[in-house]
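Quick look at input-v5.txt (compact mmCIF, C-alpha atoms and all ligand atoms):
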```txt
# COMPACT_ATOMS: atom_id res chain seq x y z
CA MET B 615 89.87 4.20 -41.84
CA ALA B 616 93.64 4.34 -42.27
CA LEU B 617 94.93 7.33 -44.25
CA LYS B 618 96.36 6.55 -47.66
CA THR B 619 100.07 7.23 -47.48
CA PHE B 620 102.77 7.44 -50.12
CA PRO B 621 106.56 7.23 -49.83
CA LEU B 622 108.77 10.28 -50.14
CA VAL B 623 112.51 10.12 -50.50
CA VAL B 624 114.70 12.84 -49.01
CA GLU B 625 116.61 14.52 -51.82
CA ARG B 626 118.25 17.31 -49.84
CA THR B 627 118.49 18.60 -46.29
CA SER B 628 119.68 22.11 -45.44
CA MET B 629 119.61 24.51 -42.55
CA ILE B 630 117.96 27.65 -43.95
CA THR B 631 118.32 29.61 -40.71
CA PRO B 632 120.48 28.72 -37.70
CA SER B 633 117.57 26.62 -36.36
CA VAL B 634 115.16 25.79 -39.23
CA LEU B 635 115.69 22.67 -41.31
CA GLU B 636 114.49 22.48 -44.89
CA LEU B 637 113.75 19.02 -46.26
CA ALA B 638 113.32 18.59 -50.01
CA PHE B 639 111.48 15.42 -51.02
CA ARG B 640 110.48 13.59 -54.16
CA ARG B 641 107.89 10.87 -54.36
CA ALA B 642 109.70 7.56 -54.24
CA ASP B 643 107.10 5.99 -56.54
CA GLY B 644 107.90 8.50 -59.32
CA GLU B 645 104.38 9.97 -59.25
CA GLU B 646 103.72 13.71 -59.09
CA LEU B 647 101.80 15.01 -56.10
CA ALA B 648 99.00 17.32 -57.19
CA TYR B 649 98.54 20.09 -54.64
CA VAL B 650 97.53 23.70 -54.42
CA ALA B 651 99.99 26.24 -53.03
CA GLY B 652 99.24 26.77 -49.34
CA GLN B 653 98.33 23.16 -48.54
CA PHE B 654 100.16 20.93 -46.08
CA LEU B 655 101.37 17.35 -45.84
CA ASN B 656 101.27 14.93 -42.98
CA ILE B 657 104.48 13.08 -42.24
CA HIS B 658 103.92 9.68 -40.60
CA PHE B 659 106.44 8.06 -38.28
CA GLU B 660 106.75 5.96 -35.14
CA ALA B 661 107.57 7.44 -31.77
CA ASP B 662 107.85 5.37 -28.59
CA GLY B 663 106.49 2.37 -30.51
CA LYS B 664 103.35 4.20 -31.62
CA ALA B 665 102.36 5.35 -35.10
CA THR B 666 101.81 9.08 -35.25
CA HIS B 667 102.00 11.97 -37.69
CA ARG B 668 102.68 15.72 -37.86
CA SER B 669 101.64 18.38 -40.35
CA TYR B 670 103.97 20.61 -42.40
CA SER B 671 103.08 23.29 -44.93
CA ILE B 672 104.52 22.75 -48.38
CA ALA B 673 107.04 25.55 -48.95
CA SER B 674 107.60 24.95 -52.67
CA ALA B 675 105.34 26.00 -55.53
CA PRO B 676 103.70 23.22 -57.54
CA ARG B 677 105.80 22.85 -60.69
CA ASP B 678 106.75 20.07 -63.03
CA GLY B 679 109.71 18.11 -61.75
CA GLY B 680 110.07 20.23 -58.62
CA THR B 681 110.81 18.94 -55.13
CA LEU B 682 108.32 19.06 -52.27
CA ASP B 683 109.95 21.25 -49.66
CA ILE B 684 109.04 21.69 -46.02
CA ALA B 685 110.67 23.90 -43.38
CA VAL B 686 110.79 22.50 -39.86
CA ALA B 687 111.30 24.59 -36.74
CA PRO B 688 112.67 22.53 -33.86
CA VAL B 689 110.52 22.00 -30.75
CA GLU B 690 112.39 20.97 -27.60
CA GLY B 691 111.72 17.32 -26.79
CA GLY B 692 109.51 17.05 -29.88
CA ARG B 693 109.03 13.64 -31.45
CA ALA B 694 108.78 14.79 -35.07
CA THR B 695 111.66 17.18 -34.40
CA ARG B 696 113.86 14.23 -33.39
CA TYR B 697 112.70 12.17 -36.38
CA LEU B 698 112.95 14.86 -39.06
CA PHE B 699 116.25 16.36 -37.90
CA GLY B 700 117.71 12.84 -38.06
CA LEU B 701 116.88 12.32 -41.75
CA LYS B 702 119.53 12.30 -44.46
CA PRO B 703 119.43 12.23 -48.27
CA GLY B 704 118.16 8.89 -49.56
CA ASP B 705 115.99 8.17 -46.49
CA GLU B 706 112.32 7.37 -47.08
CA VAL B 707 109.37 8.75 -45.15
CA ASN B 708 105.66 8.13 -45.37
CA ALA B 709 103.37 11.04 -46.10
CA SER B 710 99.72 11.72 -46.73
CA GLY B 711 97.90 14.65 -48.24
CA PRO B 712 97.76 17.23 -49.53
CA PHE B 713 95.36 18.76 -47.00
CA GLY B 714 93.96 22.16 -46.16
CA ARG B 715 92.05 25.09 -47.58
CA PHE B 716 94.63 27.79 -46.83
CA VAL B 717 95.00 28.60 -50.52
CA LEU B 718 94.38 31.51 -52.87
CA ARG B 719 90.75 31.55 -53.89
CA ASP B 720 88.84 33.06 -56.76
CA ASP B 721 88.66 36.46 -55.12
CA PRO B 722 87.60 39.56 -57.01
CA PRO B 723 90.28 42.28 -57.18
CA CYS B 724 91.46 43.04 -53.64
CA ARG B 725 94.47 43.62 -51.47
CA TYR B 726 95.89 40.46 -49.95
CA VAL B 727 97.53 40.90 -46.58
CA LEU B 728 99.58 37.78 -45.94
CA VAL B 729 100.82 37.37 -42.40
CA GLY B 730 103.07 34.56 -41.19
CA THR B 731 105.20 33.95 -38.13
CA GLY B 732 108.24 31.67 -38.25
CA THR B 733 107.69 28.73 -40.56
CA GLY B 734 104.14 30.07 -41.01
CA ILE B 735 105.57 32.15 -43.85
CA THR B 736 106.20 29.05 -45.99
CA PRO B 737 102.75 28.75 -47.63
CA TYR B 738 103.28 32.22 -49.12
CA ARG B 739 106.54 31.13 -50.72
CA ALA B 740 104.59 28.36 -52.43
CA MET B 741 102.01 30.94 -53.54
CA LEU B 742 104.51 33.30 -55.25
CA PRO B 743 103.83 32.11 -58.84
CA GLY B 744 100.06 32.30 -58.22
CA LEU B 745 100.47 35.79 -56.78
CA ALA B 746 102.58 36.80 -59.78
CA ASP B 747 99.70 35.80 -62.09
CA ARG B 748 97.24 37.91 -60.11
CA LEU B 749 99.54 40.90 -59.92
CA GLU B 750 100.05 40.88 -63.66
CA GLY B 751 96.58 42.27 -64.37
CA GLY B 752 97.21 45.27 -62.08
CA GLU B 753 94.00 44.76 -60.09
CA TYR B 754 95.47 43.14 -56.99
CA THR B 755 98.03 44.27 -54.47
CA VAL B 756 99.82 42.19 -51.84
CA GLU B 757 101.34 43.04 -48.47
CA LEU B 758 103.46 40.29 -46.94
CA LEU B 759 104.37 40.47 -43.27
CA MET B 760 106.91 38.00 -41.91
CA GLY B 761 107.19 37.78 -38.13
CA VAL B 762 110.38 36.41 -36.57
CA GLN B 763 112.41 37.20 -33.48
CA TYR B 764 115.77 38.09 -34.98
CA ARG B 765 117.21 38.98 -38.40
CA LYS B 766 118.95 35.60 -38.54
CA ASP B 767 115.54 33.87 -38.32
CA LYS B 768 114.17 35.36 -41.55
CA LEU B 769 112.96 32.52 -43.74
CA TYR B 770 113.16 32.52 -47.54
CA HIS B 771 114.07 36.19 -47.27
CA ALA B 772 115.92 36.25 -50.61
CA ASP B 773 112.88 34.85 -52.45
CA PHE B 774 110.51 37.43 -50.99
CA GLU B 775 112.98 40.25 -51.48
CA GLU B 776 113.50 39.36 -55.13
CA PHE B 777 109.74 39.10 -55.69
CA ASP B 778 109.34 42.51 -54.06
CA GLU B 779 111.95 44.02 -56.35
CA THR B 780 110.32 42.63 -59.48
CA HIS B 781 106.64 43.24 -58.62
CA GLU B 782 105.58 46.80 -58.03
CA GLU B 783 102.28 45.96 -56.34
CA PHE B 784 103.93 43.58 -53.87
CA SER B 785 105.35 44.81 -50.62
CA TYR B 786 107.31 42.71 -48.14
CA ARG B 787 108.51 43.56 -44.69
CA ALA B 788 110.06 41.52 -41.92
CA CYS B 789 108.85 42.29 -38.40
CA LEU B 790 111.58 41.56 -35.86
CA SER B 791 110.25 41.23 -32.35
CA GLN B 792 113.59 40.96 -30.50
CA GLU B 793 116.21 42.67 -32.68
CA ALA B 794 117.73 45.82 -31.21
CA GLN B 795 117.93 47.71 -34.52
CA CYS B 796 116.23 47.32 -37.87
CA GLU B 797 117.62 47.76 -41.39
CA GLY B 798 116.14 48.16 -44.86
CA ALA B 799 112.66 46.60 -45.14
CA GLU B 800 112.68 45.46 -41.50
CA VAL B 801 110.42 46.88 -38.83
CA SER B 802 110.53 46.43 -35.11
CA GLY B 803 107.85 44.55 -33.16
CA TYR B 804 105.17 41.96 -33.80
CA VAL B 805 103.36 41.51 -37.10
CA GLN B 806 100.10 42.73 -35.55
CA ASN B 807 101.76 46.09 -34.77
CA GLN B 808 101.79 46.76 -38.51
CA PHE B 809 98.02 46.61 -38.91
CA ASP B 810 97.37 50.26 -38.05
CA GLY B 811 99.92 51.52 -40.58
CA LEU B 812 98.33 49.43 -43.34
CA LYS B 813 95.03 51.30 -43.09
CA LEU B 814 93.16 48.02 -43.29
CA ASN B 815 89.81 48.11 -45.02
CA PRO B 816 87.30 45.24 -44.63
CA GLU B 817 85.74 46.22 -47.98
CA ASN B 818 88.91 45.57 -49.95
CA ASP B 819 91.33 43.46 -47.89
CA VAL B 820 91.56 39.69 -47.64
CA ILE B 821 93.74 38.60 -44.75
CA TYR B 822 95.71 35.36 -44.43
CA LEU B 823 97.18 34.43 -41.04
CA CYS B 824 99.52 31.48 -40.58
CA GLY B 825 101.72 30.06 -37.84
CA ASN B 826 101.76 30.71 -34.11
CA PRO B 827 98.23 30.16 -32.69
CA ASP B 828 98.62 33.01 -30.16
CA MET B 829 99.54 35.45 -32.93
CA ILE B 830 96.49 34.34 -34.91
CA ASP B 831 94.09 34.69 -31.96
CA ASN B 832 95.48 38.10 -31.14
CA ALA B 833 95.36 39.25 -34.77
CA VAL B 834 91.77 38.04 -35.16
CA GLU B 835 90.68 40.11 -32.15
CA LEU B 836 92.39 43.22 -33.55
CA LEU B 837 90.92 42.66 -37.00
CA LYS B 838 87.42 42.13 -35.65
CA GLU B 839 87.76 45.52 -33.93
CA LYS B 840 88.60 46.96 -37.35
CA GLY B 841 85.36 45.60 -38.80
CA PHE B 842 86.52 42.32 -40.34
CA GLU B 843 84.27 39.30 -40.16
CA LEU B 844 85.69 35.88 -39.42
CA LYS B 845 84.95 34.70 -42.95
CA GLN B 846 87.32 37.36 -44.35
CA LEU B 847 90.16 35.98 -42.23
CA ARG B 848 91.79 32.84 -43.61
CA ARG B 849 93.72 31.02 -40.95
CA GLU B 850 96.19 28.15 -40.59
CA LYS B 851 97.10 27.58 -36.96
CA TYR B 852 100.21 25.53 -36.26
CA LEU B 853 98.61 23.80 -33.29
CA PRO B 854 100.65 21.14 -31.48
CA ALA B 855 99.52 17.57 -32.13
CA ARG B 856 97.36 15.89 -29.50
CA SER B 857 99.27 12.57 -29.47
C1 LIG R 901 98.31 22.55 -40.40
C2 LIG R 901 99.65 22.60 -39.70
C3 LIG R 901 100.78 22.94 -40.43
C4 LIG R 901 102.02 22.99 -39.80
N1 LIG R 901 103.11 23.35 -40.53
C5 LIG R 901 104.32 23.41 -39.94
C6 LIG R 901 105.48 23.81 -40.69
O1 LIG R 901 105.42 24.09 -41.90
N2 LIG R 901 106.68 23.85 -40.04
C7 LIG R 901 106.79 23.53 -38.71
O2 LIG R 901 107.92 23.59 -38.18
N3 LIG R 901 105.71 23.15 -37.98
C8 LIG R 901 104.49 23.07 -38.57
N4 LIG R 901 103.41 22.66 -37.83
C9 LIG R 901 103.63 22.16 -36.45
C10 LIG R 901 104.07 20.68 -36.55
O3 LIG R 901 103.00 19.91 -37.08
C11 LIG R 901 104.46 20.07 -35.18
O4 LIG R 901 103.45 20.35 -34.24
C12 LIG R 901 105.81 20.58 -34.68
O5 LIG R 901 106.83 20.24 -35.61
C13 LIG R 901 106.17 19.94 -33.31
O6 LIG R 901 106.08 18.55 -33.43
P1 LIG R 901 106.99 17.58 -32.51
O7 LIG R 901 106.51 16.20 -32.75
O8 LIG R 901 108.44 17.87 -32.75
O9 LIG R 901 106.63 18.02 -31.05
P2 LIG R 901 105.61 17.20 -30.04
O10 LIG R 901 106.25 15.90 -29.70
O11 LIG R 901 104.25 17.17 -30.67
O12 LIG R 901 105.58 18.16 -28.81
C14 LIG R 901 106.57 18.13 -27.77
C15 LIG R 901 106.16 19.08 -26.66
O13 LIG R 901 106.28 20.43 -27.11
C16 LIG R 901 105.01 21.09 -27.10
N5 LIG R 901 104.96 21.86 -28.35
C17 LIG R 901 104.63 21.42 -29.58
N6 LIG R 901 104.73 22.41 -30.49
C18 LIG R 901 105.14 23.49 -29.80
C19 LIG R 901 105.44 24.82 -30.19
N7 LIG R 901 105.32 25.24 -31.45
N8 LIG R 901 105.87 25.67 -29.23
C20 LIG R 901 106.00 25.27 -27.95
N9 LIG R 901 105.72 24.01 -27.52
C21 LIG R 901 105.30 23.13 -28.43
C22 LIG R 901 103.96 19.98 -27.06
O14 LIG R 901 102.75 20.42 -26.47
C23 LIG R 901 104.67 18.92 -26.24
O15 LIG R 901 104.59 19.20 -24.87
C24 LIG R 901 102.14 22.64 -38.43
C25 LIG R 901 100.99 22.28 -37.70
C26 LIG R 901 99.77 22.27 -38.33
C27 LIG R 901 98.55 21.87 -37.52
```
Output the file's structure in the form of structure tokens.
Amino acid sequence: MALKTFPLVVERTSMITPSVLELAFRRADGEELAYVAGQFLNIHFEADGKATHRSYSIASAPRDGGTLDIAVAPVEGGRATRYLFGLKPGDEVNASGPFGRFVLRDDPPCRYVLVGTGTGITPYRAMLPGLADRLEGGEYTVELLMGVQYRKDKLYHADFEEFDETHEEFSYRACLSQEAQCEGAEVSGYVQNQFDGLKLNPENDVIYLCGNPDMIDNAVELLKEKGFELKQLRREKYLPARS
């Protein structure tokens, strides 16, 4: 059965790091798209005469009148990369969704540890208003770990930094795997290197992992050694498409 698609019009394109493109869409049919923060869209297009699609996490929080934003990291020789980086304001694309279960759930009070590499940080940007609601009651805490290579690759840094400054129980740090020296809330190394310092506790922590599949596999192994069960580890792997 063919997937039901809907048209999106590009409202804005911007480079939000030297390599990552943000596309802001609106539905061309004037409808709102109901979605839960953390879900993704499929973008449909033709490549080499064949219909195909790729998945992108929605980086914007659901809000009345807001745009649907995605952040796209380029992949060399990639078909969606070529298509998406060629779009300009006013162009129309076909999308389907929303999809996915990588969302905040009805968890009892806990500590959320949100881990994302590269564009895998974007679902957490969409979750910020939902996290703010939970933090308000004082029963939840949140640790956000962003993994990128260099300082210049930090994504939506200003949003996370501002949220950190205005929410006492929220802590954000950027893990830079290739930068020679770190500043402020940056730390050196991979996101997984931070696990020991967080004193993770399977009784109280709920872990979200998003982005690079190798990071997720490696993190899952480390977390299992720390006593976490798979069901406590919510995962969104940015696996390459098969066609
Ligand atoms: C649920 C989900 C959500 C996703 N969300 C995002 C998102 O928010 N932002 C985002 O940028 N991407 C995201 N992705 C990845 C995205 O869907 C595409 O796979 C990516 O944009 C590459 O597509 P492409 O058509 O340009 O490359 P393709 O034409 O599919 O691939 C070209 C070649 O590069 C290889 N390749 C593909 N991806 C990679 C990679 N990451 N590293 C190295 N080699 C690769 C392929 O195997 C192939 O040989 C997500 C994936 C999933 C499954």
So that I can check the surroundings of range 767-779 of chain B, please list as a PDB file with C-alpha atoms, in the coordinates of the input every protein, DNA and RNA residue that reaches within 12 Å of it, counting all atoms listed in the file and ignoring chain neighbours fewer than 2 positions away.
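This is the output file out-v3.pdb:
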```pdb
ATOM      1  CA  MET B 629     119.610  24.510 -42.550  1.00  0.00           C
ATOM      2  CA  ILE B 630     117.960  27.650 -43.950  1.00  0.00           C
ATOM      3  CA  THR B 631     118.320  29.610 -40.710  1.00  0.00           C
ATOM      4  CA  PRO B 632     120.480  28.720 -37.700  1.00  0.00           C
ATOM      5  CA  SER B 633     117.570  26.620 -36.360  1.00  0.00           C
ATOM      6  CA  VAL B 634     115.160  25.790 -39.230  1.00  0.00           C
ATOM      7  CA  LEU B 635     115.690  22.670 -41.310  1.00  0.00           C
ATOM      8  CA  GLU B 636     114.490  22.480 -44.890  1.00  0.00           C
ATOM      9  CA  ALA B 673     107.040  25.550 -48.950  1.00  0.00           C
ATOM     10  CA  SER B 674     107.600  24.950 -52.670  1.00  0.00           C
ATOM     11  CA  ASP B 683     109.950  21.250 -49.660  1.00  0.00           C
ATOM     12  CA  ILE B 684     109.040  21.690 -46.020  1.00  0.00           C
ATOM     13  CA  ALA B 685     110.670  23.900 -43.380  1.00  0.00           C
ATOM     14  CA  VAL B 686     110.790  22.500 -39.860  1.00  0.00           C
ATOM     15  CA  ALA B 687     111.300  24.590 -36.740  1.00  0.00           C
ATOM     16  CA  GLY B 730     103.070  34.560 -41.190  1.00  0.00           C
ATOM     17  CA  THR B 731     105.200  33.950 -38.130  1.00  0.00           C
ATOM     18  CA  GLY B 732     108.240  31.670 -38.250  1.00  0.00           C
ATOM     19  CA  THR B 733     107.690  28.730 -40.560  1.00  0.00           C
ATOM     20  CA  GLY B 734     104.140  30.070 -41.010  1.00  0.00           C
ATOM     21  CA  ILE B 735     105.570  32.150 -43.850  1.00  0.00           C
ATOM     22  CA  THR B 736     106.200  29.050 -45.990  1.00  0.00           C
ATOM     23  CA  PRO B 737     102.750  28.750 -47.630  1.00  0.00           C
ATOM     24  CA  TYR B 738     103.280  32.220 -49.120  1.00  0.00           C
ATOM     25  CA  ARG B 739     106.540  31.130 -50.720  1.00  0.00           C
ATOM     26  CA  ALA B 740     104.590  28.360 -52.430  1.00  0.00           C
ATOM     27  CA  MET B 741     102.010  30.940 -53.540  1.00  0.00           C
ATOM     28  CA  LEU B 742     104.510  33.300 -55.250  1.00  0.00           C
ATOM     29  CA  PRO B 743     103.830  32.110 -58.840  1.00  0.00           C
ATOM     30  CA  LEU B 745     100.470  35.790 -56.780  1.00  0.00           C
ATOM     31  CA  ALA B 746     102.580  36.800 -59.780  1.00  0.00           C
ATOM     32  CA  LEU B 749      99.540  40.900 -59.920  1.00  0.00           C
ATOM     33  CA  THR B 755      98.030  44.270 -54.470  1.00  0.00           C
ATOM     34  CA  VAL B 756      99.820  42.190 -51.840  1.00  0.00           C
ATOM     35  CA  GLU B 757     101.340  43.040 -48.470  1.00  0.00           C
ATOM     36  CA  LEU B 758     103.460  40.290 -46.940  1.00  0.00           C
ATOM     37  CA  LEU B 759     104.370  40.470 -43.270  1.00  0.00           C
ATOM     38  CA  MET B 760     106.910  38.000 -41.910  1.00  0.00           C
ATOM     39  CA  GLY B 761     107.190  37.780 -38.130  1.00  0.00           C
ATOM     40  CA  VAL B 762     110.380  36.410 -36.570  1.00  0.00           C
ATOM     41  CA  GLN B 763     112.410  37.200 -33.480  1.00  0.00           C
ATOM     42  CA  TYR B 764     115.770  38.090 -34.980  1.00  0.00           C
ATOM     43  CA  ARG B 765     117.210  38.980 -38.400  1.00  0.00           C
ATOM     44  CA  HIS B 781     106.640  43.240 -58.620  1.00  0.00           C
ATOM     45  CA  GLU B 782     105.580  46.800 -58.030  1.00  0.00           C
ATOM     46  CA  GLU B 783     102.280  45.960 -56.340  1.00  0.00           C
ATOM     47  CA  PHE B 784     103.930  43.580 -53.870  1.00  0.00           C
ATOM     48  CA  SER B 785     105.350  44.810 -50.620  1.00  0.00           C
ATOM     49  CA  TYR B 786     107.310  42.710 -48.140  1.00  0.00           C
ATOM     50  CA  ARG B 787     108.510  43.560 -44.690  1.00  0.00           C
ATOM     51  CA  ALA B 788     110.060  41.520 -41.920  1.00  0.00           C
ATOM     52  CA  CYS B 789     108.850  42.290 -38.400  1.00  0.00           C
ATOM     53  CA  LEU B 790     111.580  41.560 -35.860  1.00  0.00           C
ATOM     54  CA  SER B 791     110.250  41.230 -32.350  1.00  0.00           C
ATOM     55  CA  GLN B 792     113.590  40.960 -30.500  1.00  0.00           C
ATOM     56  CA  GLU B 793     116.210  42.670 -32.680  1.00  0.00           C
ATOM     57  CA  GLY B 798     116.140  48.160 -44.860  1.00  0.00           C
ATOM     58  CA  ALA B 799     112.660  46.600 -45.140  1.00  0.00           C
ATOM     59  CA  GLU B 800     112.680  45.460 -41.500  1.00  0.00           C
TER      60      GLU B 800
END
```
Using all atoms listed in the file, what are the residues with an atom within 10 Å of ligand LIG 901 (chain R), set out as an NGL selection string? :B and (634-636 or 652-657 or 659 or 661 or 666-673 or 683-699 or 713-716 or 732-737 or 824-827 or 849-857)
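From CA of Ile821 in chain B back to CA of Gly803 in chain B, the distance works out to 19.2 Å.
The closest residue to Leu617 in chain B, picked from B:Gly680, B:Glu835, B:Ala665, B:Glu750 and counting only C-alpha atoms, is B:Ala665.
CA of Tyr726 in chain B lies 10.7 Å from CA of Arg848 in chain B.
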Write out as a CSV table (one decimal) with C-alpha atoms, in the coordinates of the input the residues lying within 7 Å of range 704-706 of chain B, counting only C-alpha atoms and excluding same-chain residues fewer than 2 positions away.
```csv
chain,number,residue,atom,x,y,z
B,621,PRO,CA,106.6,7.2,-49.8
B,622,LEU,CA,108.8,10.3,-50.1
B,623,VAL,CA,112.5,10.1,-50.5
B,624,VAL,CA,114.7,12.8,-49.0
B,625,GLU,CA,116.6,14.5,-51.8
B,701,LEU,CA,116.9,12.3,-41.8
B,702,LYS,CA,119.5,12.3,-44.5
B,708,ASN,CA,105.7,8.1,-45.4
```
Could you state the separation of CA of Tyr822 in chain B and CA of Leu847 in chain B in Å, given to one decimal place? 6.0 Å
Which residues are close to Asn818 in chain B, i.e. within 10 Å by all atoms listed in the file, leaving aside same-chain residues fewer than 2 positions away? Reply as number ranges by chain. B: 722-726, 754, 814-816, 820-821
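Proximity to Arg626 in chain B was assessed for B:Asp828, B:Ala709, B:Pro703, B:Glu839 counting only C-alpha atoms; the smallest distance is recorded for B:Pro703.
In terms of minimum interatomic distance to Tyr649 in chain B, B:Pro712 ranks closest within B:Gly700, B:Pro712, B:Gly663, B:Gly752, counting only C-alpha atoms.
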